[in-house]
Amino acid sequence: MTALTTEARTALVDAFTGYGLKVYDTVPAVPAPPCIVVVPDSPWILPERMGSNLNYRARYRILIVISPRNNAAAVVDIEDAVDTMLGLIPTGFNVDQVGPPSLSDTGAQGNVYTTEIAVSAHMKEN
């Protein structure tokens, strides 16, 4: 049996794969921009029913990572990526919010522009 959270994460990764950005299904040590990273949000699971048939809301963050080599171009790239990703979110997921772009330090590799799309899905065991 596959965990419901695995099903949700896989659905997101599959929806985003093949659209010009590398897609990570777990946090990489160093993300290679441009890319998408699907990570659990906090809280990750909101139980709605426990017992013989699990029923809960799973929450994820879709991180869009863009190289900031040219700040003006990076902002346009991240705006385009947000619109693309919003259009690719699978049926059954709700978009809770989209965060603003920000400059994030990745250590020795330098800075990247990132933004986060918070999504959730109602997952139900049959």
# chains A, B, ... in the order shown; residues from 1 in each chain; ligands from 1
call {"tool": "select_by_dssp", "arguments": {"residues": "chain A", "states": "alpha helix (DSSP H)", "output": "PyMOL selection string"}}
result
chain A and resi 4-16+71-88
call {"tool": "residues_around", "arguments": {"residues": "range 51-60 of chain A", "least_positions_apart": "3", "cutoff": "10 Å", "atoms": "only C-alpha atoms", "output": "PDB file with N, CA and C atoms, in the first residue's frame"}}
result
ATOM      1  N   LEU A   4      -0.811   7.782   1.504  1.00  0.00           N
ATOM      2  CA  LEU A   4      -1.593   8.832   0.858  1.00  0.00           C
ATOM      3  C   LEU A   4      -0.738  10.065   0.583  1.00  0.00           C
ATOM      4  N   THR A   5       0.198  10.363   1.488  1.00  0.00           N
ATOM      5  CA  THR A   5       1.079  11.510   1.267  1.00  0.00           C
ATOM      6  C   THR A   5       1.996  11.278   0.067  1.00  0.00           C
ATOM      7  N   THR A   6       2.431  10.035  -0.126  1.00  0.00           N
ATOM      8  CA  THR A   6       3.259   9.702  -1.293  1.00  0.00           C
ATOM      9  C   THR A   6       2.454   9.882  -2.564  1.00  0.00           C
ATOM     10  N   ALA A   8      -0.022  11.965  -3.048  1.00  0.00           N
ATOM     11  CA  ALA A   8      -0.195  13.408  -3.283  1.00  0.00           C
ATOM     12  C   ALA A   8       1.080  14.026  -3.844  1.00  0.00           C
ATOM     13  N   ARG A   9       2.216  13.721  -3.227  1.00  0.00           N
ATOM     14  CA  ARG A   9       3.500  14.274  -3.686  1.00  0.00           C
ATOM     15  C   ARG A   9       3.800  13.825  -5.109  1.00  0.00           C
ATOM     16  N   LEU A  12       1.824  15.741  -7.723  1.00  0.00           N
ATOM     17  CA  LEU A  12       2.384  17.070  -7.990  1.00  0.00           C
ATOM     18  C   LEU A  12       3.630  16.978  -8.866  1.00  0.00           C
ATOM     19  N   VAL A  38       9.230  20.100  -4.480  1.00  0.00           N
ATOM     20  CA  VAL A  38       7.984  19.808  -3.761  1.00  0.00           C
ATOM     21  C   VAL A  38       8.360  19.323  -2.367  1.00  0.00           C
ATOM     22  N   VAL A  39       7.914  20.066  -1.340  1.00  0.00           N
ATOM     23  CA  VAL A  39       8.246  19.721   0.047  1.00  0.00           C
ATOM     24  C   VAL A  39       6.994  19.761   0.913  1.00  0.00           C
ATOM     25  N   PRO A  40       6.971  18.966   1.997  1.00  0.00           N
ATOM     26  CA  PRO A  40       5.847  19.040   2.926  1.00  0.00           C
ATOM     27  C   PRO A  40       5.766  20.425   3.555  1.00  0.00           C
ATOM     28  N   ASP A  41       4.551  20.870   3.805  1.00  0.00           N
ATOM     29  CA  ASP A  41       4.330  22.140   4.487  1.00  0.00           C
ATOM     30  C   ASP A  41       4.140  21.860   5.976  1.00  0.00           C
ATOM     31  N   SER A  42       3.947  22.900   6.758  1.00  0.00           N
ATOM     32  CA  SER A  42       3.706  22.743   8.181  1.00  0.00           C
ATOM     33  C   SER A  42       2.411  23.471   8.536  1.00  0.00           C
ATOM     34  N   PRO A  43       1.431  22.808   9.112  1.00  0.00           N
ATOM     35  CA  PRO A  43       1.417  21.379   9.378  1.00  0.00           C
ATOM     36  C   PRO A  43       1.308  20.591   8.075  1.00  0.00           C
ATOM     37  N   TRP A  44       1.878  19.422   8.091  1.00  0.00           N
ATOM     38  CA  TRP A  44       1.930  18.573   6.902  1.00  0.00           C
ATOM     39  C   TRP A  44       0.614  17.820   6.708  1.00  0.00           C
ATOM     40  N   ILE A  45       0.128  17.195   7.776  1.00  0.00           N
ATOM     41  CA  ILE A  45      -1.090  16.393   7.700  1.00  0.00           C
ATOM     42  C   ILE A  45      -2.093  16.927   8.713  1.00  0.00           C
ATOM     43  N   LEU A  46      -3.324  17.139   8.248  1.00  0.00           N
ATOM     44  CA  LEU A  46      -4.415  17.555   9.117  1.00  0.00           C
ATOM     45  C   LEU A  46      -5.427  16.408   9.151  1.00  0.00           C
ATOM     46  N   PRO A  47      -5.372  15.565  10.191  1.00  0.00           N
ATOM     47  CA  PRO A  47      -6.268  14.409  10.254  1.00  0.00           C
ATOM     48  C   PRO A  47      -7.731  14.828  10.299  1.00  0.00           C
ATOM     49  N   GLU A  48      -8.549  14.111   9.552  1.00  0.00           N
ATOM     50  CA  GLU A  48      -9.987  14.342   9.555  1.00  0.00           C
ATOM     51  C   GLU A  48     -10.727  13.102  10.043  1.00  0.00           C
ATOM     52  N   LEU A  63       8.184  24.994  -4.231  1.00  0.00           N
ATOM     53  CA  LEU A  63       9.191  26.049  -4.263  1.00  0.00           C
ATOM     54  C   LEU A  63       9.674  26.215  -5.703  1.00  0.00           C
ATOM     55  N   PHE A  93      -6.384  19.387  -5.879  1.00  0.00           N
ATOM     56  CA  PHE A  93      -5.531  20.199  -5.018  1.00  0.00           C
ATOM     57  C   PHE A  93      -6.107  21.603  -4.931  1.00  0.00           C
ATOM     58  N   ASN A  94      -5.991  22.207  -3.762  1.00  0.00           N
ATOM     59  CA  ASN A  94      -6.380  23.597  -3.551  1.00  0.00           C
ATOM     60  C   ASN A  94      -5.125  24.435  -3.398  1.00  0.00           C
ATOM     61  N   VAL A  95      -5.121  25.610  -4.008  1.00  0.00           N
ATOM     62  CA  VAL A  95      -4.021  26.548  -3.810  1.00  0.00           C
ATOM     63  C   VAL A  95      -4.405  27.421  -2.624  1.00  0.00           C
ATOM     64  N   ASP A  96      -3.600  27.342  -1.554  1.00  0.00           N
ATOM     65  CA  ASP A  96      -3.894  28.105  -0.349  1.00  0.00           C
ATOM     66  C   ASP A  96      -3.337  29.516  -0.421  1.00  0.00           C
ATOM     67  N   GLU A 116       7.071  30.512  -3.099  1.00  0.00           N
ATOM     68  CA  GLU A 116       6.409  29.289  -2.671  1.00  0.00           C
ATOM     69  C   GLU A 116       4.920  29.347  -2.985  1.00  0.00           C
ATOM     70  N   ILE A 117       4.416  28.236  -3.478  1.00  0.00           N
ATOM     71  CA  ILE A 117       2.985  28.065  -3.672  1.00  0.00           C
ATOM     72  C   ILE A 117       2.540  27.015  -2.653  1.00  0.00           C
ATOM     73  N   ALA A 118       1.636  27.379  -1.765  1.00  0.00           N
ATOM     74  CA  ALA A 118       1.122  26.442  -0.758  1.00  0.00           C
ATOM     75  C   ALA A 118      -0.127  25.770  -1.318  1.00  0.00           C
ATOM     76  N   VAL A 119      -0.116  24.437  -1.318  1.00  0.00           N
ATOM     77  CA  VAL A 119      -1.254  23.671  -1.828  1.00  0.00           C
ATOM     78  C   VAL A 119      -1.655  22.619  -0.803  1.00  0.00           C
ATOM     79  N   SER A 120      -2.881  22.149  -0.929  1.00  0.00           N
ATOM     80  CA  SER A 120      -3.343  21.069  -0.070  1.00  0.00           C
ATOM     81  C   SER A 120      -4.290  20.188  -0.872  1.00  0.00           C
ATOM     82  N   ALA A 121      -4.387  18.944  -0.429  1.00  0.00           N
ATOM     83  CA  ALA A 121      -5.287  17.995  -1.083  1.00  0.00           C
ATOM     84  C   ALA A 121      -5.953  17.137  -0.015  1.00  0.00           C
ATOM     85  N   HIS A 122      -7.213  16.880  -0.213  1.00  0.00           N
ATOM     86  CA  HIS A 122      -7.940  15.967   0.663  1.00  0.00           C
ATOM     87  C   HIS A 122      -7.633  14.550   0.190  1.00  0.00           C
ATOM     88  N   MET A 123      -7.018  13.772   1.058  1.00  0.00           N
ATOM     89  CA  MET A 123      -6.630  12.404   0.710  1.00  0.00           C
ATOM     90  C   MET A 123      -7.497  11.432   1.495  1.00  0.00           C
ATOM     91  N   LYS A 124      -7.962  10.404   0.799  1.00  0.00           N
ATOM     92  CA  LYS A 124      -8.890   9.467   1.423  1.00  0.00           C
ATOM     93  C   LYS A 124      -8.527   8.052   1.039  1.00  0.00           C
ATOM     94  N   GLU A 125      -8.398   7.194   2.032  1.00  0.00           N
ATOM     95  CA  GLU A 125      -8.115   5.782   1.795  1.00  0.00           C
ATOM     96  C   GLU A 125      -9.424   5.075   1.454  1.00  0.00           C
ATOM     97  N   ASN A 126      -9.399   4.256   0.426  1.00  0.00           N
ATOM     98  CA  ASN A 126     -10.627   3.541   0.029  1.00  0.00           C
ATOM     99  C   ASN A 126     -10.810   2.268   0.803  1.00  0.00           C
TER     100      ASN A 126
END
call {"tool": "closest_residue", "arguments": {"among": "A:Asn70, A:Thr10, A:Thr17, A:Thr114", "to": "Pro101 in chain A", "atoms": "only C-alpha atoms"}}
result
A:Thr114
call {"tool": "closest_residue", "arguments": {"among": "A:Thr91, A:Gln97, A:Gln109, A:Ser102", "to": "Val75 in chain A", "atoms": "only C-alpha atoms"}}
result
A:Ser102
call {"tool": "atom_distance", "arguments": {"atom1": "CA of Ile66 in chain A", "atom2": "CA of Ile78 in chain A"}}
result
6.5 Å
call {"tool": "closest_residue", "arguments": {"among": "A:Pro100, A:Ala15, A:Val65, A:Val23", "to": "Ala81 in chain A", "atoms": "only C-alpha atoms"}}
result
A:Val65
call {"tool": "closest_residue", "arguments": {"among": "A:Tyr113, A:Ile62, A:Arg49, A:Val37", "to": "Val76 in chain A", "atoms": "only C-alpha atoms"}}
result
A:Tyr113
call {"tool": "select_by_dssp", "arguments": {"residues": "chain A", "states": "strand (DSSP E or B)", "output": "PyMOL selection string"}}
result
chain A and resi 22-24+35-49+55-66+93-98+102-105+111-124
call {"tool": "closest_residue", "arguments": {"among": "A:Val30, A:Met85, A:Ala72, A:Ile64", "to": "Thr115 in chain A", "atoms": "only C-alpha atoms"}}
result
A:Ile64
call {"tool": "residues_around", "arguments": {"residues": "Tyr24 in chain A", "least_positions_apart": "3", "cutoff": "8 Å", "atoms": "only C-alpha atoms", "output": "list in words"}}
result
Val13, Val27, Pro28, Cys35, Ile36, Val37 and Val38 of chain A
call {"tool": "write_last_selection", "arguments": {"atoms": "C-alpha atoms", "output": "short mmCIF file (atom, residue, chain, number, x, y, z; two decimals), in the first residue's frame"}}
result
data_model
loop_
_atom_site.label_atom_id
_atom_site.label_comp_id
_atom_site.auth_asym_id
_atom_site.auth_seq_id
_atom_site.Cartn_x
_atom_site.Cartn_y
_atom_site.Cartn_z
CA VAL A 13 5.78 15.94 -9.28
CA VAL A 27 14.87 18.75 -1.00
CA PRO A 28 18.22 18.53 -2.82
CA CYS A 35 13.78 24.17 -10.76
CA ILE A 36 10.73 23.18 -8.76
CA VAL A 37 11.01 21.51 -5.34
CA VAL A 38 7.98 19.81 -3.76
#
call {"tool": "decode", "arguments": {"residues": "range 44-80 of chain A", "atoms": "N, CA and C atoms", "output": "short mmCIF file (atom, residue, chain, number, x, y, z; two decimals), in the first residue's frame"}}
result
data_model
loop_
_atom_site.label_atom_id
_atom_site.label_comp_id
_atom_site.auth_asym_id
_atom_site.auth_seq_id
_atom_site.Cartn_x
_atom_site.Cartn_y
_atom_site.Cartn_z
N TRP A 44 1.88 19.42 8.09
CA TRP A 44 1.93 18.57 6.90
C TRP A 44 0.61 17.82 6.71
N ILE A 45 0.13 17.20 7.78
CA ILE A 45 -1.09 16.39 7.70
C ILE A 45 -2.09 16.93 8.71
N LEU A 46 -3.32 17.14 8.25
CA LEU A 46 -4.41 17.55 9.12
C LEU A 46 -5.43 16.41 9.15
N PRO A 47 -5.37 15.56 10.19
CA PRO A 47 -6.27 14.41 10.25
C PRO A 47 -7.73 14.83 10.30
N GLU A 48 -8.55 14.11 9.55
CA GLU A 48 -9.99 14.34 9.55
C GLU A 48 -10.73 13.10 10.04
N ARG A 49 -10.12 11.94 9.81
CA ARG A 49 -10.70 10.70 10.31
C ARG A 49 -9.57 9.68 10.42
N MET A 50 -9.52 9.01 11.53
CA MET A 50 -8.54 7.96 11.75
C MET A 50 -9.29 6.63 11.84
N GLY A 51 -8.55 5.55 11.80
CA GLY A 51 -9.19 4.25 11.94
C GLY A 51 -9.00 3.42 10.69
N SER A 52 -10.02 2.64 10.35
CA SER A 52 -9.88 1.70 9.24
C SER A 52 -9.70 2.40 7.89
N ASN A 53 -10.28 3.56 7.70
CA ASN A 53 -10.12 4.32 6.45
C ASN A 53 -9.58 5.71 6.77
N LEU A 54 -8.30 5.91 6.46
CA LEU A 54 -7.69 7.21 6.72
C LEU A 54 -8.33 8.28 5.85
N ASN A 55 -8.41 9.47 6.40
CA ASN A 55 -9.01 10.59 5.70
C ASN A 55 -8.34 11.84 6.26
N TYR A 56 -7.53 12.53 5.44
CA TYR A 56 -6.85 13.73 5.94
C TYR A 56 -6.50 14.67 4.81
N ARG A 57 -6.13 15.88 5.22
CA ARG A 57 -5.66 16.89 4.28
C ARG A 57 -4.14 16.90 4.34
N ALA A 58 -3.49 16.73 3.20
CA ALA A 58 -2.03 16.78 3.09
C ALA A 58 -1.65 18.14 2.50
N ARG A 59 -0.64 18.79 3.11
CA ARG A 59 -0.23 20.12 2.68
C ARG A 59 1.21 20.09 2.16
N TYR A 60 1.43 20.77 1.04
CA TYR A 60 2.77 20.84 0.42
C TYR A 60 3.08 22.27 0.02
N ARG A 61 4.38 22.55 -0.10
CA ARG A 61 4.86 23.81 -0.66
C ARG A 61 5.58 23.48 -1.96
N ILE A 62 5.26 24.22 -2.98
CA ILE A 62 5.93 24.10 -4.26
C ILE A 62 6.89 25.28 -4.33
N LEU A 63 8.18 24.99 -4.23
CA LEU A 63 9.19 26.05 -4.26
C LEU A 63 9.67 26.22 -5.70
N ILE A 64 9.60 27.43 -6.19
CA ILE A 64 10.12 27.75 -7.51
C ILE A 64 11.45 28.44 -7.29
N VAL A 65 12.50 27.91 -7.92
CA VAL A 65 13.86 28.41 -7.72
C VAL A 65 14.40 28.90 -9.07
N ILE A 66 14.81 30.17 -9.11
CA ILE A 66 15.28 30.81 -10.34
C ILE A 66 16.63 31.47 -10.08
N SER A 67 17.53 31.42 -11.05
CA SER A 67 18.83 32.08 -10.94
C SER A 67 18.65 33.59 -10.99
N PRO A 68 19.34 34.33 -10.10
CA PRO A 68 19.18 35.79 -10.05
C PRO A 68 20.24 36.55 -10.84
N ARG A 69 20.83 35.94 -11.85
CA ARG A 69 21.94 36.61 -12.57
C ARG A 69 21.58 38.00 -13.04
N ASN A 70 20.36 38.18 -13.50
CA ASN A 70 19.86 39.48 -13.90
C ASN A 70 18.55 39.67 -13.13
N ASN A 71 18.54 40.56 -12.15
CA ASN A 71 17.38 40.68 -11.26
C ASN A 71 16.07 40.94 -11.98
N ALA A 72 16.07 41.83 -12.95
CA ALA A 72 14.83 42.13 -13.67
C ALA A 72 14.33 40.89 -14.43
N ALA A 73 15.24 40.19 -15.09
CA ALA A 73 14.86 38.98 -15.82
C ALA A 73 14.41 37.89 -14.86
N ALA A 74 15.05 37.79 -13.70
CA ALA A 74 14.68 36.76 -12.72
C ALA A 74 13.27 36.97 -12.21
N VAL A 75 12.89 38.21 -11.99
CA VAL A 75 11.53 38.50 -11.53
C VAL A 75 10.51 38.06 -12.59
N VAL A 76 10.78 38.39 -13.84
CA VAL A 76 9.88 37.97 -14.93
C VAL A 76 9.85 36.45 -15.03
N ASP A 77 11.01 35.80 -14.90
CA ASP A 77 11.07 34.34 -14.96
C ASP A 77 10.26 33.70 -13.85
N ILE A 78 10.34 34.25 -12.65
CA ILE A 78 9.61 33.66 -11.52
C ILE A 78 8.11 33.91 -11.67
N GLU A 79 7.73 35.07 -12.19
CA GLU A 79 6.31 35.35 -12.44
C GLU A 79 5.75 34.39 -13.49
N ASP A 80 6.52 34.17 -14.56
CA ASP A 80 6.09 33.22 -15.59
C ASP A 80 5.98 31.81 -15.02
#
